[in-house]
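J.: Next comes the structure file protein-v3.cif, holding mmCIF, C-alpha atoms.
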```
data_model
#
loop_
_atom_site.label_atom_id
_atom_site.label_comp_id
_atom_site.auth_asym_id
_atom_site.auth_seq_id
_atom_site.Cartn_x
_atom_site.Cartn_y
_atom_site.Cartn_z
CA MET O 29 0.00 0.00 0.00
CA GLU O 30 1.13 3.56 -0.71
CA LYS O 31 1.17 6.03 2.16
CA PRO O 32 -2.40 6.22 3.49
CA ARG O 33 -4.39 9.44 3.57
CA LEU O 34 -6.48 8.26 6.53
CA ILE O 35 -5.64 5.97 9.46
CA ALA O 36 -8.32 4.22 11.51
CA SER O 37 -7.63 2.13 14.57
CA ASP O 38 -9.58 0.15 17.09
CA VAL O 39 -8.54 0.92 20.67
CA ASP O 40 -8.75 -2.04 23.06
CA GLY O 41 -6.63 -5.00 22.07
CA THR O 42 -5.17 -3.05 19.17
CA LEU O 43 -3.89 0.49 19.74
CA VAL O 44 -3.42 0.17 23.50
CA THR O 45 -1.27 -2.39 25.29
CA PRO O 46 -2.69 -5.29 27.32
CA MET O 47 -2.42 -2.91 30.31
CA GLU O 48 -4.74 -0.51 28.41
CA GLN O 49 -2.02 2.10 27.98
CA VAL O 50 -0.79 3.92 24.89
CA ALA O 51 2.90 3.05 24.48
CA PRO O 52 5.29 5.96 23.80
CA ARG O 53 6.28 4.34 20.49
CA THR O 54 2.66 4.31 19.37
CA ALA O 55 1.99 7.86 20.55
CA ASP O 56 5.08 9.09 18.70
CA VAL O 57 4.15 7.59 15.34
CA VAL O 58 0.55 8.79 15.66
CA ALA O 59 1.88 12.31 16.25
CA ARG O 60 4.16 12.06 13.22
CA ALA O 61 1.27 10.96 11.03
CA VAL O 62 -0.93 13.84 12.18
CA ASP O 63 1.93 16.30 11.70
CA ASP O 64 2.23 14.95 8.16
CA GLY O 65 -1.41 15.84 7.52
CA VAL O 66 -2.85 12.32 7.83
CA PRO O 67 -5.84 12.14 10.21
CA VAL O 68 -5.87 9.31 12.76
CA ILE O 69 -9.37 8.22 13.77
CA LEU O 70 -10.25 6.11 16.81
CA VAL O 71 -12.90 3.61 15.72
CA THR O 72 -14.07 1.74 18.78
CA GLY O 73 -16.83 -0.03 20.62
CA ARG O 74 -16.17 2.36 23.48
CA PRO O 75 -18.71 5.10 24.26
CA PRO O 76 -17.55 8.72 23.96
CA ARG O 77 -16.97 9.02 27.70
CA TRP O 78 -14.19 6.42 27.44
CA ILE O 79 -12.39 8.34 24.70
CA PRO O 80 -10.60 11.19 26.58
CA PRO O 81 -7.83 9.08 28.20
CA VAL O 82 -6.82 7.60 24.83
CA ALA O 83 -7.15 10.94 23.06
CA GLU O 84 -4.95 12.64 25.66
CA ALA O 85 -2.30 9.91 25.44
CA THR O 86 -2.18 10.13 21.65
CA GLY O 87 -2.77 13.85 21.26
CA LEU O 88 -5.79 13.27 19.02
CA THR O 89 -8.42 16.01 18.82
CA GLY O 90 -10.57 15.15 15.80
CA TYR O 91 -13.35 12.66 15.19
CA ALA O 92 -13.88 9.38 17.02
CA VAL O 93 -16.27 6.71 15.82
CA CYS O 94 -17.81 5.27 18.98
CA ALA O 95 -20.20 2.48 20.02
CA ASN O 96 -19.30 0.39 16.95
CA GLY O 97 -20.38 3.12 14.54
CA ALA O 98 -23.53 4.28 16.34
CA VAL O 99 -22.02 7.60 17.48
CA LEU O 100 -19.74 10.11 15.75
CA TYR O 101 -17.97 12.20 18.38
CA ASP O 102 -15.85 15.37 18.13
CA ILE O 103 -13.10 14.97 20.72
CA SER O 104 -11.91 18.57 21.03
CA GLU O 105 -15.42 20.01 21.27
CA ASP O 106 -16.85 17.21 23.47
CA ARG O 107 -19.76 17.10 21.05
CA VAL O 108 -21.84 14.29 19.60
CA VAL O 109 -21.85 15.10 15.89
CA ASP O 110 -24.21 12.38 14.68
CA VAL O 111 -26.15 9.36 15.91
CA PRO O 112 -27.04 7.44 12.74
CA GLY O 113 -28.84 4.62 14.48
CA ARG O 114 -30.81 4.16 17.70
CA LEU O 115 -32.87 1.27 19.01
CA ASP O 116 -36.24 2.54 20.22
CA PRO O 117 -38.00 1.08 23.30
CA VAL O 118 -40.43 -1.04 21.26
CA HIS O 119 -37.55 -2.61 19.34
CA LEU O 120 -35.52 -3.09 22.53
CA ASN O 121 -38.37 -4.94 24.20
CA ASP O 122 -38.87 -7.17 21.16
CA LEU O 123 -35.14 -7.95 21.17
CA ALA O 124 -35.20 -8.78 24.88
CA GLU O 125 -38.07 -11.21 24.43
CA ALA O 126 -36.28 -13.01 21.60
CA LEU O 127 -32.98 -13.09 23.48
CA ASP O 128 -34.61 -14.63 26.56
CA HIS O 129 -35.57 -17.61 24.37
CA ALA O 130 -32.23 -17.85 22.55
CA LEU O 131 -30.03 -17.15 25.58
CA PRO O 132 -31.85 -18.23 28.76
CA GLY O 133 -30.30 -16.53 31.77
CA CYS O 134 -28.90 -13.56 29.84
CA THR O 135 -28.86 -10.09 31.35
CA LEU O 136 -29.03 -6.75 29.56
CA ALA O 137 -27.55 -3.29 29.56
CA ALA O 138 -28.26 -0.22 27.43
CA GLU O 139 -25.82 2.40 26.17
CA ARG O 140 -27.43 5.83 25.69
CA ILE O 141 -26.07 9.10 24.36
CA GLY O 142 -26.99 12.76 24.61
CA THR O 143 -25.24 15.75 23.08
CA LYS O 144 -21.83 15.21 24.70
CA ALA O 145 -19.77 12.40 26.23
CA VAL O 146 -21.42 12.61 29.63
CA ASP O 147 -24.87 14.15 29.88
CA ASP O 148 -26.04 15.04 33.40
CA ASP O 149 -29.66 14.71 32.32
CA LEU O 150 -29.19 11.22 30.92
CA ARG O 151 -28.12 7.98 32.53
CA ASN O 152 -25.62 6.91 29.88
CA PHE O 153 -25.24 3.25 30.90
CA VAL O 154 -28.02 1.30 32.59
CA ILE O 155 -27.65 -2.34 33.63
CA GLU O 156 -29.75 -5.16 35.04
CA ALA O 157 -28.90 -6.41 38.51
CA ASP O 158 -26.88 -9.47 37.46
CA TYR O 159 -25.27 -7.93 34.39
CA HIS O 160 -21.70 -9.18 34.00
CA ASN O 161 -19.14 -6.76 32.60
CA PRO O 162 -16.05 -8.63 31.31
CA TRP O 163 -13.93 -5.50 31.91
CA GLN O 164 -14.89 -5.37 35.60
CA ASP O 165 -14.96 -1.57 35.58
CA GLY O 166 -17.90 -1.23 37.97
CA GLU O 167 -19.66 1.24 35.68
CA GLY O 168 -23.38 1.31 35.19
CA VAL O 169 -26.55 2.38 36.97
CA GLU O 170 -28.48 -0.67 38.15
CA ALA O 171 -32.14 -0.67 37.11
CA HIS O 172 -35.09 -2.95 36.45
CA ARG O 173 -35.43 -4.29 32.92
CA ALA O 174 -38.30 -1.94 32.15
CA GLU O 175 -35.99 1.01 32.78
CA VAL O 176 -33.10 -0.53 30.86
CA LEU O 177 -35.34 -0.93 27.82
CA GLY O 178 -37.52 2.13 28.33
CA HIS O 179 -35.43 4.76 26.51
CA PRO O 180 -33.75 4.89 23.08
CA ALA O 181 -30.30 3.29 23.08
CA VAL O 182 -27.38 3.29 20.66
CA LYS O 183 -26.37 -0.18 21.74
CA LEU O 184 -27.92 -3.10 23.61
CA LEU O 185 -25.38 -5.24 25.47
CA VAL O 186 -26.17 -8.83 26.40
CA SER O 187 -24.15 -10.81 28.94
CA HIS O 188 -24.12 -14.44 29.95
CA ARG O 189 -21.87 -15.92 32.63
CA LYS O 190 -21.89 -19.48 31.20
CA MET O 191 -21.33 -18.86 27.49
CA THR O 192 -18.59 -17.45 25.29
CA SER O 193 -19.29 -14.46 23.07
CA ASP O 194 -18.94 -16.67 19.97
CA GLU O 195 -21.61 -19.05 21.28
CA MET O 196 -23.90 -16.16 22.20
CA ALA O 197 -23.58 -14.54 18.78
CA VAL O 198 -24.54 -17.76 16.98
CA ALA O 199 -27.60 -18.23 19.21
CA ALA O 200 -28.70 -14.60 18.92
CA ARG O 201 -28.35 -14.55 15.13
CA SER O 202 -30.49 -17.68 14.90
CA VAL O 203 -33.50 -15.75 16.23
CA LEU O 204 -32.73 -12.17 15.22
CA GLY O 205 -31.23 -12.70 11.77
CA ASP O 206 -30.31 -9.45 10.05
CA SER O 207 -32.93 -7.36 11.86
CA VAL O 208 -30.04 -5.91 13.88
CA HIS O 209 -26.26 -5.93 13.75
CA ILE O 210 -24.77 -8.41 16.24
CA THR O 211 -21.09 -8.41 17.09
CA PHE O 212 -18.66 -8.61 20.00
CA SER O 213 -15.38 -7.10 21.15
CA THR O 214 -14.48 -9.57 23.91
CA GLY O 215 -14.73 -13.33 24.21
CA GLY O 216 -15.94 -13.13 27.79
CA GLY O 217 -19.66 -13.72 27.41
CA LEU O 218 -20.84 -10.41 25.96
CA ILE O 219 -22.44 -9.48 22.64
CA GLU O 220 -23.30 -6.00 21.35
CA ILE O 221 -26.41 -5.23 19.31
CA SER O 222 -26.92 -2.13 17.15
CA SER O 223 -29.43 -0.97 14.55
CA PRO O 224 -29.12 -2.79 11.20
CA GLY O 225 -26.37 -1.38 9.02
CA ILE O 226 -24.59 0.32 11.92
CA THR O 227 -21.00 -0.89 12.02
CA LYS O 228 -17.50 0.48 12.37
CA ALA O 229 -17.39 0.54 8.57
CA SER O 230 -20.48 2.75 8.30
CA GLY O 231 -19.08 5.14 10.90
CA LEU O 232 -15.67 5.31 9.28
CA ALA O 233 -17.20 5.77 5.83
CA ASP O 234 -19.00 8.84 7.16
CA VAL O 235 -15.73 10.30 8.47
CA ALA O 236 -13.89 9.50 5.24
CA GLU O 237 -16.58 11.30 3.22
CA ARG O 238 -16.36 14.34 5.50
CA LEU O 239 -12.59 14.40 5.00
CA GLY O 240 -12.69 13.73 1.27
CA VAL O 241 -10.79 10.45 1.48
CA SER O 242 -11.69 7.17 -0.24
CA ALA O 243 -11.79 3.70 1.28
CA GLN O 244 -8.82 2.66 -0.88
CA GLU O 245 -6.73 5.46 0.64
CA THR O 246 -7.51 4.32 4.18
CA ILE O 247 -5.69 1.83 6.41
CA SER O 248 -7.35 0.26 9.44
CA PHE O 249 -6.28 -1.84 12.42
CA GLY O 250 -8.30 -4.21 14.60
CA ASP O 251 -8.48 -7.39 16.62
CA MET O 252 -12.08 -8.54 17.18
CA PRO O 253 -15.18 -9.37 15.11
CA ASN O 254 -16.60 -5.88 15.60
CA ASP O 255 -13.59 -4.69 13.55
CA LEU O 256 -14.32 -6.96 10.57
CA PRO O 257 -16.60 -4.55 8.66
CA MET O 258 -13.99 -1.80 8.96
CA LEU O 259 -11.05 -4.00 8.00
CA THR O 260 -12.80 -5.23 4.88
CA TRP O 261 -14.08 -1.76 3.90
CA THR O 262 -10.69 -0.06 3.93
CA GLY O 263 -8.08 -0.41 1.23
CA HIS O 264 -5.75 -2.16 3.65
CA GLY O 265 -7.00 -3.94 6.77
CA VAL O 266 -4.42 -4.97 9.36
CA ALA O 267 -4.97 -7.43 12.20
CA VAL O 268 -2.76 -7.53 15.27
CA ALA O 269 -1.30 -10.95 16.05
CA ASN O 270 -3.52 -11.34 19.13
CA ALA O 271 -6.68 -10.98 17.02
CA HIS O 272 -9.69 -13.30 16.88
CA PRO O 273 -9.24 -16.10 14.29
CA THR O 274 -11.88 -14.66 11.97
CA VAL O 275 -10.07 -11.33 11.96
CA LEU O 276 -6.70 -12.91 11.25
CA GLU O 277 -8.24 -14.74 8.31
CA ALA O 278 -9.96 -11.69 6.82
CA ALA O 279 -7.14 -9.16 7.19
CA ASP O 280 -4.89 -8.09 4.33
CA GLU O 281 -1.94 -8.17 6.71
CA VAL O 282 -1.10 -9.43 10.19
CA THR O 283 1.24 -7.32 12.29
CA ALA O 284 2.74 -7.89 15.73
CA SER O 285 0.50 -8.04 18.80
CA ASN O 286 -0.67 -5.01 20.74
CA ALA O 287 1.91 -5.91 23.38
CA GLU O 288 4.60 -5.53 20.71
CA HIS O 289 3.26 -2.23 19.29
CA GLY O 290 1.92 -3.81 16.10
CA VAL O 291 0.12 -0.66 14.94
CA ALA O 292 3.28 1.41 15.34
CA GLN O 293 5.36 -1.16 13.46
CA VAL O 294 3.15 -0.75 10.38
CA LEU O 295 2.79 3.03 10.51
CA GLU O 296 6.55 3.50 10.88
CA ARG O 297 6.89 2.45 7.22
CA TRP O 298 5.60 5.89 6.20
CA PHE O 299 5.95 8.06 9.30
#
```
If you took the structure in this file and wrote it as structure tokens, what would it be?

T.:
Amino acid sequence: MEKPRLIASDVDGTLVTPMEQVAPRTADVVARAVDDGVPVILVTGRPPRWIPPVAEATGLTGYAVCANGAVLYDISEDRVVDVPGRLDPVHLNDLAEALDHALPGCTLAAERIGTKAVDDDLRNFVIEADYHNPWQDGEGVEAHRAEVLGHPAVKLLVSHRKMTSDEMAVAARSVLGDSVHITFSTGGGLIEISSPGITKASGLADVAERLGVSAQETISFGDMPNDLPMLTWTGHGVAVANAHPTVLEAADEVTASNAEHGVAQVLERWF
């Protein structure tokens, strides 16, 4: 690939180390790329409120594609630019009913968004009592299911303590089909559900259009199935060595793991 005009990277498992830190080597090459006029876009399953630490460590101030493409966020302005897809309460309740049959014992959480990363008038993340977060971050306001499903959400998260994410995705797709987009960013018993057509690829395509850059001029990096649409949309999709098997198979290139600064190793070819 010739020098890219746009760089897109997943965050967890890809850009950051296993200790969830941005290595100096990675921060340095990101800065060199931006100084050379090449935008670097964070494209992540994270909500906007989880973006500032990564943005500060990398010096990034532009767009971030959040919630697997459901939210476009302006980092420097702390502003939600666009929300191309929401799940309304009727749809959320229908999904919950179907998931109870496909995944008995599952618990739910809803990711909501206002006009900025954290909205005082909106409970951004609402969880059922037994909801299991694989990241163990302790975040979330506990609520009854009616409250979890009672407001529009950009993402429905489904957890199960006795299943892997791969197993859950297969079971959920068997009852939901293509009525929603089902993916996951961890193997630890959690799937993420968005409106149909909402993916990291759709979010990145929006950014690329705003910046006047084509897919073929874009390079992307990822590690989990939620990165697959982005990796296959861009001209050059790179998987880190620690990636999920499906990602390793689909990528145009496999670089070193996130522990070995795989993203930096590729970008240092040009910057």

J.: Using all atoms listed in the file, which residue out of O:Thr192, O:Ser248, O:Ser223, O:Ser242 lies closest to Val282 of chain O?

T.: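 Among the listed residues, O:Ser248 lies closest to Val282 of chain O.
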
J.: Just the number, please: distance in Å from atom CA of Leu70 of chain O to atom CA of Leu115 of chain O, one decimal.

T.: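 That distance, rounded to one decimal, is 23.2 Å.
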
J.: Residues at most 12 Å from Ile155 of chain O, counting only C-alpha atoms, excluding those fewer than 6 positions away in the same chain, as a list in words?

T.: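 Surrounding residues, per the criterion: Cys134, Thr135, Leu136, Ala137, Ala138, Glu139, Arg140, Asn161, Gly166, Glu167, Gly168, Val169, Glu170, Ala171, His172, Arg173, Ala174, Glu175, Val176, Leu177, Leu184, Leu185, Val186 and Ser187 of chain O.
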
J.: For the atom pair atom CA of Phe249 of chain O and atom CA of Ala292 of chain O, what is the interatomic distance in Å to one decimal place?

T.: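 Distance reported for this atom pair: 10.5 Å.
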
J.: Expand the PyMOL selection byres ((chain O and resi 295) around 12) into the explicit residue set it covers here, and present it as a PyMOL selection string.

T.: chain O and resi 29-37+43+53-62+66+68+247-249+266+283+289-294+296-299

J.: Calculate how many Å separate atom CA of Ala157 of chain O from atom CA of His209 of chain O, rounding to one decimal.

T.: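 Going from atom CA of Ala157 of chain O over to atom CA of His209 of chain O, I get 24.9 Å.
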
J.: Please evaluate the PyMOL selection byres ((chain O and resi 88-98) around 7) against the structure above and give the resulting residues as a PyMOL selection string.

T.: chain O and resi 69-76+83-84+86-87+99-104+111-113+182-183+226-228+230-232+254

J.: Given the selection you just returned, output its residues as a file containing C-alpha atoms, formatted as a short mmCIF file (atom, residue, chain, number, x, y, z; two decimals), in the coordinates of the input.

T.:
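File written: out.cif
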```
data_model
loop_
_atom_site.label_atom_id
_atom_site.label_comp_id
_atom_site.auth_asym_id
_atom_site.auth_seq_id
_atom_site.Cartn_x
_atom_site.Cartn_y
_atom_site.Cartn_z
CA ILE O 69 -9.37 8.22 13.77
CA LEU O 70 -10.25 6.11 16.81
CA VAL O 71 -12.90 3.61 15.72
CA THR O 72 -14.07 1.74 18.78
CA GLY O 73 -16.83 -0.03 20.62
CA ARG O 74 -16.17 2.36 23.48
CA PRO O 75 -18.71 5.10 24.26
CA PRO O 76 -17.55 8.72 23.96
CA ALA O 83 -7.15 10.94 23.06
CA GLU O 84 -4.95 12.64 25.66
CA THR O 86 -2.18 10.13 21.65
CA GLY O 87 -2.77 13.85 21.26
CA VAL O 99 -22.02 7.60 17.48
CA LEU O 100 -19.74 10.11 15.75
CA TYR O 101 -17.97 12.20 18.38
CA ASP O 102 -15.85 15.37 18.13
CA ILE O 103 -13.10 14.97 20.72
CA SER O 104 -11.91 18.57 21.03
CA VAL O 111 -26.15 9.36 15.91
CA PRO O 112 -27.04 7.44 12.74
CA GLY O 113 -28.84 4.62 14.48
CA VAL O 182 -27.38 3.29 20.66
CA LYS O 183 -26.37 -0.18 21.74
CA ILE O 226 -24.59 0.32 11.92
CA THR O 227 -21.00 -0.89 12.02
CA LYS O 228 -17.50 0.48 12.37
CA SER O 230 -20.48 2.75 8.30
CA GLY O 231 -19.08 5.14 10.90
CA LEU O 232 -15.67 5.31 9.28
CA ASN O 254 -16.60 -5.88 15.60
#
```

J.: Translate the PyMOL selection byres ((chain O and resi 122-126) around 9) into a concrete residue list for this structure, as JSON, numbers by chain.

T.: {"O": [117, 118, 119, 120, 121, 127, 128, 129, 130, 131, 136, 177, 200, 203, 204]}

J.: Could you list, as an NGL selection string, every residue within 12 Å of Asn270 of chain O, counting all atoms listed in the file and ignoring same-chain residues fewer than 2 positions away?

T.: :O and (40-43 or 45-46 or 249-252 or 266-268 or 272-276 or 282-290)

J.: Determine, counting only C-alpha atoms, every residue of protein, DNA or RNA that lies within 7 Å of (-16.5, -17.8, 25.2) in the file coordinates, then give the result as a list in words.

T.: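 Every residue inside that radius is included here: Met191, Thr192, Ser193, Asp194, Glu195, Gly215, Gly216 and Gly217 of chain O.
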
J.: Quick one: axis-aligned box around all listed atoms of segment 201-220 of chain O, 3 Å on every side, centre and edge lengths in Å to one decimal, written as AutoDock Vina command-line options.

T.:
```
--center_x -24.0 --center_y -11.8 --center_z 18.9 --size_x 25.0 --size_y 17.8 --size_z 23.7
```

J.: Pick from O:Ala236, O:Ala243, O:Val198, O:Pro162: nearest to Leu218 of chain O, with all atoms listed in the file counted?

T.: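 Of O:Ala236, O:Ala243, O:Val198, O:Pro162, the one nearest Leu218 of chain O is O:Pro162, counting all atoms listed in the file.
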
J.: Once you count only C-alpha atoms, which residues end up no further than 8 Å from (-8.1, -0.5, 0.1) in the file's frame, shown as a PyMOL selection string?

T.: chain O and resi 243-247+261-265

J.: When you count all atoms listed in the file, which of these residues is closest to Arg114 of chain O: O:Ser222, O:Asp149, O:Asp64, O:Val82?

T.: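 Between O:Ser222, O:Asp149, O:Asp64, O:Val82, the residue approaching Arg114 of chain O most closely is O:Ser222.
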